[in-house]
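> So here's query.json (JSON, C-alpha atoms).
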```json
[["chain", "number", "residue", "atom", "x", "y", "z"],
["Q", 1, "MET", "CA", 0.00, 0.00, 0.00],
["Q", 2, "PRO", "CA", 1.74, 3.20, -1.16],
["Q", 3, "PHE", "CA", -0.11, 5.60, 1.12],
["Q", 4, "LYS", "CA", 0.18, 5.02, 4.86],
["Q", 5, "TYR", "CA", -1.50, 7.63, 6.99],
["Q", 6, "PRO", "CA", -4.57, 8.03, 9.28],
["Q", 7, "ILE", "CA", -7.55, 8.37, 6.95],
["Q", 8, "LYS", "CA", -10.54, 10.65, 7.56],
["Q", 9, "PHE", "CA", -13.85, 10.40, 5.73],
["Q", 10, "VAL", "CA", -16.58, 12.84, 4.73],
["Q", 11, "PRO", "CA", -19.54, 12.44, 7.15],
["Q", 12, "ILE", "CA", -22.82, 11.24, 5.64],
["Q", 13, "LEU", "CA", -25.65, 13.07, 7.41],
["Q", 14, "LYS", "CA", -29.09, 11.49, 7.77],
["Q", 15, "GLN", "CA", -32.29, 13.43, 8.41],
["Q", 16, "ARG", "CA", -34.50, 11.68, 10.93],
["Q", 17, "VAL", "CA", -37.92, 12.61, 12.30],
["Q", 18, "TRP", "CA", -36.53, 12.23, 15.84],
["Q", 19, "GLY", "CA", -33.25, 14.09, 15.21],
["Q", 20, "GLY", "CA", -32.09, 17.53, 16.37],
["Q", 21, "ASN", "CA", -29.22, 19.99, 15.82],
["Q", 22, "LYS", "CA", -26.47, 18.76, 18.20],
["Q", 23, "LEU", "CA", -24.51, 17.08, 15.42],
["Q", 24, "HIS", "CA", -24.16, 20.60, 14.00],
["Q", 25, "THR", "CA", -23.81, 22.67, 17.17],
["Q", 26, "LEU", "CA", -21.71, 20.28, 19.30],
["Q", 27, "LEU", "CA", -19.94, 18.05, 16.76],
["Q", 28, "ASN", "CA", -19.46, 20.67, 14.02],
["Q", 29, "LYS", "CA", -21.17, 18.74, 11.23],
["Q", 30, "GLU", "CA", -22.03, 20.94, 8.24],
["Q", 31, "ALA", "CA", -25.75, 20.26, 8.33],
["Q", 32, "LYS", "CA", -28.01, 22.30, 6.05],
["Q", 33, "ASP", "CA", -31.37, 20.68, 6.73],
["Q", 34, "PHE", "CA", -32.78, 19.74, 10.11],
["Q", 35, "PRO", "CA", -33.61, 17.63, 11.99],
["Q", 36, "VAL", "CA", -30.42, 15.57, 11.56],
["Q", 37, "GLY", "CA", -30.37, 12.35, 13.56],
["Q", 38, "GLU", "CA", -27.28, 10.49, 12.40],
["Q", 39, "SER", "CA", -23.82, 11.10, 11.02],
["Q", 40, "TRP", "CA", -22.47, 8.00, 9.33],
["Q", 41, "GLU", "CA", -18.74, 8.37, 9.74],
["Q", 42, "ILE", "CA", -17.38, 5.18, 8.16],
["Q", 43, "SER", "CA", -19.68, 3.13, 5.97],
["Q", 44, "THR", "CA", -19.93, 0.93, 2.91],
["Q", 45, "MET", "CA", -23.70, 0.52, 3.19],
["Q", 46, "PRO", "CA", -25.50, 0.67, -0.20],
["Q", 47, "GLY", "CA", -26.12, 4.30, -1.14],
["Q", 48, "SER", "CA", -23.97, 5.53, 1.75],
["Q", 49, "VAL", "CA", -20.36, 4.71, 0.93],
["Q", 50, "SER", "CA", -17.78, 6.87, 2.71],
["Q", 51, "VAL", "CA", -15.35, 9.02, 0.71],
["Q", 52, "VAL", "CA", -11.84, 9.93, 1.88],
["Q", 53, "ALA", "CA", -11.56, 13.55, 3.07],
["Q", 54, "ASN", "CA", -7.77, 13.96, 3.47],
["Q", 55, "GLY", "CA", -4.34, 13.20, 2.03],
["Q", 56, "ALA", "CA", -3.24, 11.47, -1.16],
["Q", 57, "LEU", "CA", -6.34, 9.26, -1.26],
["Q", 58, "LYS", "CA", -8.80, 12.18, -1.02],
["Q", 59, "GLY", "CA", -11.89, 11.57, -3.15],
["Q", 60, "LYS", "CA", -11.49, 7.78, -3.19],
["Q", 61, "SER", "CA", -14.35, 5.73, -1.78],
["Q", 62, "LEU", "CA", -13.85, 3.32, 1.10],
["Q", 63, "GLN", "CA", -14.95, 0.51, -1.22],
["Q", 64, "GLU", "CA", -12.22, 1.49, -3.71],
["Q", 65, "LEU", "CA", -9.59, 1.32, -0.97],
["Q", 66, "ILE", "CA", -10.71, -2.16, 0.02],
["Q", 67, "HIS", "CA", -10.68, -3.49, -3.54],
["Q", 68, "THR", "CA", -7.32, -1.87, -4.29],
["Q", 69, "PHE", "CA", -5.34, -2.62, -1.13],
["Q", 70, "LYS", "CA", -7.22, -5.67, 0.20],
["Q", 71, "ASP", "CA", -5.60, -7.19, 3.31],
["Q", 72, "GLY", "CA", -3.02, -4.39, 3.45],
["Q", 73, "PHE", "CA", -5.91, -2.08, 4.27],
["Q", 74, "LEU", "CA", -8.40, -4.32, 6.10],
["Q", 75, "GLY", "CA", -5.91, -6.64, 7.77],
["Q", 76, "GLY", "CA", -5.13, -10.30, 7.21],
["Q", 77, "LYS", "CA", -7.69, -11.82, 9.59],
["Q", 78, "VAL", "CA", -10.44, -9.38, 8.64],
["Q", 79, "TYR", "CA", -9.91, -9.92, 4.90],
["Q", 80, "GLU", "CA", -9.85, -13.70, 5.37],
["Q", 81, "LYS", "CA", -13.15, -13.58, 7.31],
["Q", 82, "TYR", "CA", -15.08, -10.95, 5.35],
["Q", 83, "GLY", "CA", -13.37, -10.65, 1.97],
["Q", 84, "ALA", "CA", -14.09, -7.24, 0.41],
["Q", 85, "LYS", "CA", -17.00, -6.55, 2.80],
["Q", 86, "PHE", "CA", -16.34, -3.84, 5.38],
["Q", 87, "PRO", "CA", -17.65, -5.34, 8.64],
["Q", 88, "LEU", "CA", -18.51, -2.22, 10.67],
["Q", 89, "LEU", "CA", -20.71, 0.86, 10.53],
["Q", 90, "ILE", "CA", -19.61, 3.84, 12.66],
["Q", 91, "LYS", "CA", -22.05, 6.62, 13.62],
["Q", 92, "PHE", "CA", -22.81, 9.56, 15.86],
["Q", 93, "ILE", "CA", -26.50, 9.85, 16.85],
["Q", 94, "ASP", "CA", -28.49, 12.82, 18.18],
["Q", 95, "ALA", "CA", -31.92, 11.96, 19.60],
["Q", 96, "GLN", "CA", -34.00, 15.08, 20.19],
["Q", 97, "GLU", "CA", -37.01, 12.80, 20.54],
["Q", 98, "ASN", "CA", -37.32, 9.11, 21.43],
["Q", 99, "LEU", "CA", -36.29, 6.75, 18.68],
["Q", 100, "SER", "CA", -38.69, 3.98, 17.76],
["Q", 101, "VAL", "CA", -38.58, 0.84, 19.90],
["Q", 102, "GLN", "CA", -36.78, -1.69, 17.76],
["Q", 103, "LEU", "CA", -34.47, -4.66, 17.57],
["Q", 104, "HIS", "CA", -32.04, -6.22, 15.11],
["Q", 105, "PRO", "CA", -31.85, -9.88, 14.12],
["Q", 106, "GLY", "CA", -28.75, -11.97, 14.73],
["Q", 107, "ASP", "CA", -26.44, -13.26, 12.02],
["Q", 108, "LYS", "CA", -28.34, -16.47, 11.23],
["Q", 109, "LEU", "CA", -31.79, -14.92, 10.91],
["Q", 110, "ALA", "CA", -30.44, -11.85, 9.06],
["Q", 111, "GLU", "CA", -28.67, -14.07, 6.54],
["Q", 112, "GLU", "CA", -31.74, -16.27, 6.01],
["Q", 113, "ARG", "CA", -34.18, -13.40, 5.57],
["Q", 114, "HIS", "CA", -32.10, -10.52, 4.21],
["Q", 115, "GLN", "CA", -28.72, -11.92, 3.05],
["Q", 116, "SER", "CA", -27.15, -9.51, 5.52],
["Q", 117, "PHE", "CA", -25.01, -9.43, 8.63],
["Q", 118, "GLY", "CA", -26.88, -9.39, 11.89],
["Q", 119, "LYS", "CA", -26.45, -6.37, 14.11],
["Q", 120, "GLU", "CA", -24.81, -6.08, 17.49],
["Q", 121, "GLU", "CA", -24.03, -2.56, 18.60],
["Q", 122, "VAL", "CA", -22.34, -0.56, 21.35],
["Q", 123, "TRP", "CA", -23.27, 2.93, 22.55],
["Q", 124, "TYR", "CA", -20.98, 5.44, 24.26],
["Q", 125, "ILE", "CA", -22.96, 8.29, 25.82],
["Q", 126, "MET", "CA", -21.37, 11.63, 24.88],
["Q", 127, "GLN", "CA", -24.05, 13.86, 26.39],
["Q", 128, "ALA", "CA", -27.41, 13.34, 28.09],
["Q", 129, "GLU", "CA", -30.01, 15.77, 29.40],
["Q", 130, "LYS", "CA", -30.92, 15.52, 33.08],
["Q", 131, "GLU", "CA", -33.94, 13.22, 32.65],
["Q", 132, "SER", "CA", -32.71, 11.32, 29.59],
["Q", 133, "ARG", "CA", -32.95, 7.57, 29.50],
["Q", 134, "LEU", "CA", -32.61, 4.53, 27.30],
["Q", 135, "PHE", "CA", -35.24, 1.87, 26.78],
["Q", 136, "LEU", "CA", -33.60, -1.56, 27.01],
["Q", 137, "GLY", "CA", -35.34, -4.90, 27.18],
["Q", 138, "PHE", "CA", -38.40, -5.54, 29.34],
["Q", 139, "ASN", "CA", -39.32, -4.70, 32.94],
["Q", 140, "LYS", "CA", -41.05, -8.02, 33.55],
["Q", 141, "GLU", "CA", -40.91, -11.63, 32.42],
["Q", 142, "LEU", "CA", -42.75, -12.05, 29.11],
["Q", 143, "SER", "CA", -43.49, -14.89, 26.76],
["Q", 144, "LYS", "CA", -44.06, -14.52, 23.06],
["Q", 145, "GLU", "CA", -47.82, -14.80, 23.60],
["Q", 146, "SER", "CA", -48.02, -12.30, 26.49],
["Q", 147, "TYR", "CA", -45.89, -9.85, 24.52],
["Q", 148, "LYS", "CA", -48.26, -10.12, 21.55],
["Q", 149, "LYS", "CA", -51.16, -9.06, 23.78],
["Q", 150, "TYR", "CA", -49.32, -5.85, 24.74],
["Q", 151, "CYS", "CA", -48.77, -5.18, 21.03],
["Q", 152, "GLN", "CA", -52.42, -5.77, 20.20],
["Q", 153, "ASN", "CA", -53.48, -3.28, 22.89],
["Q", 154, "ASN", "CA", -50.82, -0.70, 21.90],
["Q", 155, "LEU", "CA", -49.22, -0.97, 25.34],
["Q", 156, "VAL", "CA", -45.65, -1.96, 24.48],
["Q", 157, "SER", "CA", -44.29, 1.15, 26.24],
["Q", 158, "GLU", "CA", -45.65, -0.13, 29.58],
["Q", 159, "VAL", "CA", -43.34, -3.18, 29.62],
["Q", 160, "LEU", "CA", -40.09, -1.50, 28.57],
["Q", 161, "HIS", "CA", -37.21, -1.31, 31.03],
["Q", 162, "GLN", "CA", -35.93, 2.27, 31.40],
["Q", 163, "GLU", "CA", -32.29, 3.03, 32.17],
["Q", 164, "LYS", "CA", -31.13, 6.50, 33.24],
["Q", 165, "VAL", "CA", -27.96, 7.60, 31.49],
["Q", 166, "LYS", "CA", -25.06, 9.93, 32.01],
["Q", 167, "LYS", "CA", -22.02, 11.03, 30.07],
["Q", 168, "GLY", "CA", -19.38, 8.33, 29.68],
["Q", 169, "ALA", "CA", -21.71, 5.34, 30.14],
["Q", 170, "ILE", "CA", -21.30, 2.32, 27.85],
["Q", 171, "PHE", "CA", -24.10, 0.02, 26.69],
["Q", 172, "GLN", "CA", -23.75, -3.16, 24.64],
["Q", 173, "ILE", "CA", -26.88, -4.03, 22.64],
["Q", 174, "PRO", "CA", -26.83, -7.65, 21.46],
["Q", 175, "ALA", "CA", -28.93, -8.79, 18.52],
["Q", 176, "GLY", "CA", -32.46, -9.56, 19.67],
["Q", 177, "ARG", "CA", -32.59, -7.03, 22.52],
["Q", 178, "VAL", "CA", -35.49, -4.59, 22.29],
["Q", 179, "HIS", "CA", -34.15, -1.04, 22.59],
["Q", 180, "ALA", "CA", -34.64, 2.67, 21.90],
["Q", 181, "ILE", "CA", -32.49, 5.73, 22.46],
["Q", 182, "GLY", "CA", -34.42, 8.26, 24.54],
["Q", 183, "ALA", "CA", -34.85, 11.98, 23.96],
["Q", 184, "GLY", "CA", -31.91, 14.20, 24.89],
["Q", 185, "VAL", "CA", -29.13, 11.65, 24.26],
["Q", 186, "LEU", "CA", -26.08, 12.22, 22.05],
["Q", 187, "LEU", "CA", -23.98, 9.11, 21.52],
["Q", 188, "ALA", "CA", -21.31, 7.33, 19.50],
["Q", 189, "GLU", "CA", -22.39, 4.02, 17.99],
["Q", 190, "ILE", "CA", -20.26, 1.11, 16.84],
["Q", 191, "GLN", "CA", -22.15, -1.68, 15.08],
["Q", 192, "GLN", "CA", -21.97, -4.51, 12.62],
["Q", 193, "ALA", "CA", -22.43, -3.34, 9.03],
["Q", 194, "SER", "CA", -26.17, -3.90, 8.83],
["Q", 195, "ASP", "CA", -29.19, -1.65, 8.41],
["Q", 196, "ILE", "CA", -31.77, -4.35, 9.20],
["Q", 197, "THR", "CA", -34.20, -3.03, 11.82],
["Q", 198, "TYR", "CA", -37.51, -4.40, 13.07],
["Q", 199, "ARG", "CA", -39.64, -1.55, 14.44],
["Q", 200, "LEU", "CA", -41.93, -2.61, 17.30],
["Q", 201, "TYR", "CA", -43.42, 0.65, 18.58],
["Q", 202, "ASP", "CA", -43.13, 4.31, 17.57],
["Q", 203, "TRP", "CA", -44.86, 6.19, 20.38],
["Q", 204, "ASN", "CA", -47.94, 6.69, 18.12],
["Q", 205, "ARG", "CA", -45.89, 9.29, 16.26],
["Q", 206, "LYS", "CA", -47.09, 10.66, 12.94],
["Q", 207, "ASP", "CA", -45.05, 12.21, 10.14],
["Q", 208, "GLN", "CA", -45.70, 15.51, 8.38],
["Q", 209, "HIS", "CA", -48.36, 13.78, 6.28],
["Q", 210, "GLY", "CA", -50.23, 12.47, 9.30],
["Q", 211, "LYS", "CA", -49.10, 8.88, 8.75],
["Q", 212, "THR", "CA", -47.57, 6.47, 11.25],
["Q", 213, "ARG", "CA", -44.46, 4.48, 10.36],
["Q", 214, "GLU", "CA", -44.65, 0.78, 9.54],
["Q", 215, "LEU", "CA", -44.26, -1.67, 12.41],
["Q", 216, "HIS", "CA", -42.75, -5.14, 12.06],
["Q", 217, "THR", "CA", -44.56, -6.90, 14.91],
["Q", 218, "GLU", "CA", -44.87, -10.37, 13.36],
["Q", 219, "LEU", "CA", -41.45, -10.29, 11.70],
["Q", 220, "ALA", "CA", -39.82, -9.47, 15.03],
["Q", 221, "LEU", "CA", -41.39, -12.24, 17.11],
["Q", 222, "ASP", "CA", -38.80, -14.88, 16.24],
["Q", 223, "ALA", "CA", -35.96, -12.41, 16.78],
["Q", 224, "ILE", "CA", -36.79, -11.03, 20.24],
["Q", 225, "ASP", "CA", -34.65, -12.03, 23.22],
["Q", 226, "PHE", "CA", -37.00, -12.04, 26.21],
["Q", 227, "ASN", "CA", -34.25, -12.70, 28.78],
["Q", 228, "ILE", "CA", -33.69, -9.99, 31.39],
["Q", 229, "PRO", "CA", -29.97, -9.36, 32.05],
["Q", 230, "LYS", "CA", -28.62, -8.46, 35.48],
["Q", 231, "TYR", "CA", -26.94, -5.29, 34.19],
["Q", 232, "TYR", "CA", -27.40, -3.21, 31.07],
["Q", 233, "SER", "CA", -24.43, -0.84, 31.28],
["Q", 234, "LYS", "CA", -20.79, -1.92, 31.00],
["Q", 235, "TYR", "CA", -18.60, -1.16, 34.00],
["Q", 236, "TYR", "CA", -15.07, 0.05, 33.33],
["Q", 237, "LYS", "CA", -12.38, 1.59, 35.49],
["Q", 238, "LYS", "CA", -11.44, 5.09, 34.34],
["Q", 239, "ARG", "CA", -7.69, 5.38, 33.75],
["Q", 240, "LEU", "CA", -5.52, 8.01, 32.10],
["Q", 241, "ASN", "CA", -3.00, 7.53, 29.29],
["Q", 242, "THR", "CA", -3.65, 3.86, 28.70],
["Q", 243, "TYR", "CA", -6.03, 1.63, 26.77],
["Q", 244, "THR", "CA", -9.00, 0.45, 28.88],
["Q", 245, "ARG", "CA", -10.93, -2.49, 27.44],
["Q", 246, "ILE", "CA", -14.71, -2.18, 27.54],
["Q", 247, "VAL", "CA", -16.02, -4.62, 24.91],
["Q", 248, "ASP", "CA", -14.45, -7.68, 23.29],
["Q", 249, "ASN", "CA", -16.78, -9.93, 21.29],
["Q", 250, "SER", "CA", -16.91, -11.83, 17.99],
["Q", 251, "TYR", "CA", -17.30, -8.64, 15.94],
["Q", 252, "PHE", "CA", -15.16, -5.91, 17.48],
["Q", 253, "LYS", "CA", -12.85, -4.98, 20.31],
["Q", 254, "ILE", "CA", -13.44, -1.55, 21.86],
["Q", 255, "GLN", "CA", -11.21, 0.31, 24.30],
["Q", 256, "ILE", "CA", -11.28, 3.82, 25.78],
["Q", 257, "VAL", "CA", -8.15, 5.94, 25.45],
["Q", 258, "ASP", "CA", -8.20, 8.99, 27.73],
["Q", 259, "LEU", "CA", -5.06, 10.98, 26.97],
["Q", 260, "THR", "CA", -3.31, 13.93, 28.57],
["Q", 261, "THR", "CA", 0.12, 13.20, 27.10],
["Q", 262, "ARG", "CA", 1.79, 11.90, 23.94],
["Q", 263, "LYS", "CA", 1.15, 8.23, 23.13],
["Q", 264, "ARG", "CA", 3.45, 6.35, 20.75],
["Q", 265, "ILE", "CA", 1.90, 3.28, 19.13],
["Q", 266, "ALA", "CA", 3.98, 0.44, 17.71],
["Q", 267, "THR", "CA", 2.56, -2.97, 16.85],
["Q", 268, "SER", "CA", 3.59, -6.04, 14.87],
["Q", 269, "SER", "CA", -0.04, -7.06, 14.23],
["Q", 270, "LYS", "CA", -1.51, -6.65, 10.76],
["Q", 271, "ASP", "CA", -4.72, -8.56, 11.46],
["Q", 272, "SER", "CA", -7.15, -5.59, 11.40],
["Q", 273, "PHE", "CA", -7.55, -1.92, 10.63],
["Q", 274, "ILE", "CA", -8.14, 0.37, 13.64],
["Q", 275, "ILE", "CA", -10.74, 3.14, 13.99],
["Q", 276, "TYR", "CA", -10.48, 5.96, 16.53],
["Q", 277, "MET", "CA", -13.63, 7.96, 17.37],
["Q", 278, "CYS", "CA", -12.99, 11.23, 19.19],
["Q", 279, "VAL", "CA", -15.67, 11.62, 21.88],
["Q", 280, "ALA", "CA", -14.08, 14.54, 23.77],
["Q", 281, "GLY", "CA", -11.34, 17.12, 23.20],
["Q", 282, "LYS", "CA", -8.99, 17.30, 20.26],
["Q", 283, "GLY", "CA", -5.45, 16.45, 19.18],
["Q", 284, "ASN", "CA", -3.33, 15.10, 16.34],
["Q", 285, "PHE", "CA", -2.10, 11.85, 14.84],
["Q", 286, "PHE", "CA", 1.50, 11.87, 13.59],
["Q", 287, "ILE", "CA", 3.12, 9.48, 11.14],
["Q", 288, "LYS", "CA", 6.63, 10.42, 10.00],
["Q", 289, "ASP", "CA", 6.27, 13.94, 8.57],
["Q", 290, "GLN", "CA", 2.45, 13.86, 8.31],
["Q", 291, "GLN", "CA", 0.04, 15.37, 10.82],
["Q", 292, "VAL", "CA", -3.68, 14.55, 10.89],
["Q", 293, "PRO", "CA", -5.84, 16.59, 13.30],
["Q", 294, "ILE", "CA", -8.87, 15.12, 15.04],
["Q", 295, "SER", "CA", -11.49, 16.75, 17.26],
["Q", 296, "VAL", "CA", -14.68, 15.72, 19.03],
["Q", 297, "GLY", "CA", -17.15, 14.22, 16.58],
["Q", 298, "GLU", "CA", -14.47, 13.04, 14.13],
["Q", 299, "CYS", "CA", -12.95, 9.65, 13.30],
["Q", 300, "VAL", "CA", -9.75, 8.35, 11.73],
["Q", 301, "LEU", "CA", -9.07, 4.93, 10.25],
["Q", 302, "ILE", "CA", -5.61, 3.43, 10.64],
["Q", 303, "PRO", "CA", -4.91, 0.96, 7.79],
["Q", 304, "ALA", "CA", -3.75, -2.48, 8.93],
["Q", 305, "ASN", "CA", -0.25, -2.03, 7.53],
["Q", 306, "LEU", "CA", 0.35, 1.26, 9.36],
["Q", 307, "LEU", "CA", 2.18, -0.12, 12.38],
["Q", 308, "LYS", "CA", 3.72, 2.98, 13.96],
["Q", 309, "TYR", "CA", 2.11, 6.31, 14.77],
["Q", 310, "THR", "CA", 1.87, 8.84, 17.58],
["Q", 311, "ILE", "CA", -1.22, 10.39, 19.18],
["Q", 312, "MET", "CA", -0.83, 13.83, 20.77],
["Q", 313, "PRO", "CA", -3.75, 15.44, 22.64],
["Q", 314, "ASP", "CA", -4.28, 19.17, 22.95],
["Q", 315, "ASP", "CA", -4.52, 19.29, 26.76],
["Q", 316, "ARG", "CA", -6.88, 16.26, 27.01],
["Q", 317, "MET", "CA", -8.60, 14.03, 24.47],
["Q", 318, "LYS", "CA", -10.81, 10.96, 24.80],
["Q", 319, "LEU", "CA", -10.93, 8.37, 22.02],
["Q", 320, "LEU", "CA", -12.72, 5.11, 21.38],
["Q", 321, "TYR", "CA", -10.35, 2.53, 19.89],
["Q", 322, "ILE", "CA", -12.18, 0.04, 17.65],
["Q", 323, "LYS", "CA", -10.66, -3.08, 16.13],
["Q", 324, "ALA", "CA", -12.62, -5.45, 13.89],
["Q", 325, "ARG", "CA", -12.75, -9.15, 14.74]]
```
Once more with this new file: its structure as structure tokens, please.

Amino acid sequence: MPFKYPIKFVPILKQRVWGGNKLHTLLNKEAKDFPVGESWEISTMPGSVSVVANGALKGKSLQELIHTFKDGFLGGKVYEKYGAKFPLLIKFIDAQENLSVQLHPGDKLAEERHQSFGKEEVWYIMQAEKESRLFLGFNKELSKESYKKYCQNNLVSEVLHQEKVKKGAIFQIPAGRVHAIGAGVLLAEIQQASDITYRLYDWNRKDQHGKTRELHTELALDAIDFNIPKYYSKYYKKRLNTYTRIVDNSYFKIQIVDLTTRKRIATSSKDSFIIYMCVAGKGNFFIKDQQVPISVGECVLIPANLLKYTIMPDDRMKLLYIKAR
């Protein structure tokens, strides 16, 4: 691969009925139309393929980079497992209103029905209003039949577990778990590269034409996980100037990097690309004589064959480190 440097991409902004203006006002996205709910930072989803924003590869699509540089870009293990398919979708999400209550099927069901990856995701809370909450799973034991009765009576909201949130909290959302981001939450999302969503409830919301959005009640029944976990948030010990692991599953490894000083990175592993999401502060990545700035609301992708680089915060910077599995 002739060009080795931290790669930035042009954000792909998505208008959503539940979105707001924080992606513009807090994360400096150049939004023209509101409400904006999502900024797709790194994507190869159909119709939403990321384009390089910096350096010698500027203007090239992420898909072009994969086809051209193959395992030198994606990494040996990732390329062996996924071929030319990019396995992740990286987003920032601003919920001015509650999102619909939804779930995503797992790999097997998604492949059978949609020829797609399933969808497991992780949320890092960047900001939350005082009374903001997430809706995660159920607040009581339910069977498929008892759940159907709540659907028939339009009472799904009564059986949803509510979780209060605060800045810095981490939530892992496995496939099959019913969930919704609540009003007033700004978050970073790491997920499998899938846009398959089954909508269960939409708060009786109507669009500008007075119509409600389609629900997928029957389609979702075989995908719902009715188990109630002991904890919903992920505990992690806050540490400075080191990598703190928070998630490590079959799809991605995620760590928090909270920096107040220079961090030199050297690795012999070429098994995966690395993505850094900046969730607070700003700083720079250095590779030889190149400097790539990053600030809150931005991401960089480190190609798999870029083995040495330095991260330098301006005062203090918090990053999410993401490695594909």
> If I take CA of Ile246 in chain Q and CA of Leu187 in chain Q, how far is one from the other in Å, to one decimal?
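Computed distance, CA of Ile246 in chain Q to CA of Leu187 in chain Q, equals 15.8 Å.
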> Determine the nearest neighbour of Tyr321 in chain Q from the options Q:Ala31, Q:Ile256, Q:Ile66, Q:Leu219, counting all atoms listed in the file.
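For Tyr321 in chain Q, the nearest of the candidates is Q:Ile256.
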> Report, in Å with one decimal, the straight-line distance from CA of Asp225 in chain Q to CA of Leu155 in chain Q.
18.4 Å
> Just want the 7 Å neighbourhood of Arg177 in chain Q, counted on only C-alpha atoms, with same-chain residues fewer than 5 positions away dropped. Output as a count of residues only.
4
> Please provide as a JSON list (two decimals) with C-alpha atoms, in the frame of the given file all residues within 9 Å of range 10-15 of chain Q, with the sequence filter that same-chain residues fewer than 2 positions apart are discarded (counting only C-alpha atoms).

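Written file, result_24.json:
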```json
[["chain", "number", "residue", "atom", "x", "y", "z"],
["Q", 8, "LYS", "CA", -10.54, 10.65, 7.56],
["Q", 17, "VAL", "CA", -37.92, 12.61, 12.30],
["Q", 18, "TRP", "CA", -36.53, 12.23, 15.84],
["Q", 19, "GLY", "CA", -33.25, 14.09, 15.21],
["Q", 20, "GLY", "CA", -32.09, 17.53, 16.37],
["Q", 29, "LYS", "CA", -21.17, 18.74, 11.23],
["Q", 30, "GLU", "CA", -22.03, 20.94, 8.24],
["Q", 31, "ALA", "CA", -25.75, 20.26, 8.33],
["Q", 33, "ASP", "CA", -31.37, 20.68, 6.73],
["Q", 34, "PHE", "CA", -32.78, 19.74, 10.11],
["Q", 35, "PRO", "CA", -33.61, 17.63, 11.99],
["Q", 36, "VAL", "CA", -30.42, 15.57, 11.56],
["Q", 37, "GLY", "CA", -30.37, 12.35, 13.56],
["Q", 38, "GLU", "CA", -27.28, 10.49, 12.40],
["Q", 39, "SER", "CA", -23.82, 11.10, 11.02],
["Q", 40, "TRP", "CA", -22.47, 8.00, 9.33],
["Q", 41, "GLU", "CA", -18.74, 8.37, 9.74],
["Q", 42, "ILE", "CA", -17.38, 5.18, 8.16],
["Q", 43, "SER", "CA", -19.68, 3.13, 5.97],
["Q", 48, "SER", "CA", -23.97, 5.53, 1.75],
["Q", 49, "VAL", "CA", -20.36, 4.71, 0.93],
["Q", 50, "SER", "CA", -17.78, 6.87, 2.71],
["Q", 51, "VAL", "CA", -15.35, 9.02, 0.71],
["Q", 52, "VAL", "CA", -11.84, 9.93, 1.88],
["Q", 53, "ALA", "CA", -11.56, 13.55, 3.07],
["Q", 54, "ASN", "CA", -7.77, 13.96, 3.47],
["Q", 298, "GLU", "CA", -14.47, 13.04, 14.13]]
```
> Between CA of Lys70 in chain Q and CA of Leu306 in chain Q, what is the distance, to one decimal in Å?
13.8 Å
> Show me as a PyMOL selection string the residues that reach within 12 Å of (-10.6, 6.6, 14.0), counting all atoms listed in the file and using the file's own coordinates.
chain Q and resi 5-9+41-42+90-91+190+254+257+273-279+284-285+292-303+311+318-323
> Rank nothing, just name the residue among Q:Ile170, Q:Asp314, Q:Pro87, Q:Leu27 nearest to Arg245 in chain Q, using only C-alpha atoms.
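That would be Q:Ile170, the residue with the smallest distance to Arg245 in chain Q.
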> Can you pull out the residues contacting Ser132 in chain Q? Cut-off 10 Å, using all atoms listed in the file, and skip same-chain residues under 4 positions away; I want them as an MDAnalysis selection string.
chainID Q and resid 98 127:128 162:166 181:185
> So that I can see what lies close to Arg205 in chain Q, please list as a PDB file with C-alpha atoms, in the coordinates of the input the residues with an atom at most 12 Å from it, counting all atoms listed in the file and leaving out residues fewer than 3 positions away in the same chain.

```pdb
ATOM      1  CA  VAL Q  17     -37.920  12.610  12.300  1.00  0.00           C
ATOM      2  CA  TRP Q  18     -36.530  12.230  15.840  1.00  0.00           C
ATOM      3  CA  GLU Q  97     -37.010  12.800  20.540  1.00  0.00           C
ATOM      4  CA  ASN Q  98     -37.320   9.110  21.430  1.00  0.00           C
ATOM      5  CA  LEU Q  99     -36.290   6.750  18.680  1.00  0.00           C
ATOM      6  CA  SER Q 100     -38.690   3.980  17.760  1.00  0.00           C
ATOM      7  CA  VAL Q 101     -38.580   0.840  19.900  1.00  0.00           C
ATOM      8  CA  TYR Q 201     -43.420   0.650  18.580  1.00  0.00           C
ATOM      9  CA  ASP Q 202     -43.130   4.310  17.570  1.00  0.00           C
ATOM     10  CA  GLN Q 208     -45.700  15.510   8.380  1.00  0.00           C
ATOM     11  CA  HIS Q 209     -48.360  13.780   6.280  1.00  0.00           C
ATOM     12  CA  GLY Q 210     -50.230  12.470   9.300  1.00  0.00           C
ATOM     13  CA  LYS Q 211     -49.100   8.880   8.750  1.00  0.00           C
ATOM     14  CA  THR Q 212     -47.570   6.470  11.250  1.00  0.00           C
ATOM     15  CA  ARG Q 213     -44.460   4.480  10.360  1.00  0.00           C
ATOM     16  CA  GLU Q 214     -44.650   0.780   9.540  1.00  0.00           C
ATOM     17  CA  LEU Q 215     -44.260  -1.670  12.410  1.00  0.00           C
TER      18      LEU Q 215
END
```
> Find the residue from Q:Glu120, Q:Glu145, Q:Glu129, Q:Asp195 that sits nearest to Ala175 in chain Q; use only C-alpha atoms when measuring.
Q:Glu120
> Using all atoms listed in the file, pick whichever of Q:Trp123, Q:Ile196, Q:Asn153, Q:Phe86 has the shortest atom-to-atom distance to Lys167 in chain Q.
Q:Trp123
> From the set Q:Gln115, Q:Thr217, Q:Asn204, Q:Gln102, which residue has the shortest atom-to-atom contact distance to Cys151 in chain Q, counting all atoms listed in the file?
Q:Thr217
> Just checking: using all atoms listed in the file, which residue out of Q:Ser143, Q:Gln255, Q:Ser157, Q:Thr44 ends up closest to Asn227 in chain Q?
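Checking each of Q:Ser143, Q:Gln255, Q:Ser157, Q:Thr44 against Asn227 in chain Q, counting all atoms listed in the file, the winner is Q:Ser143.
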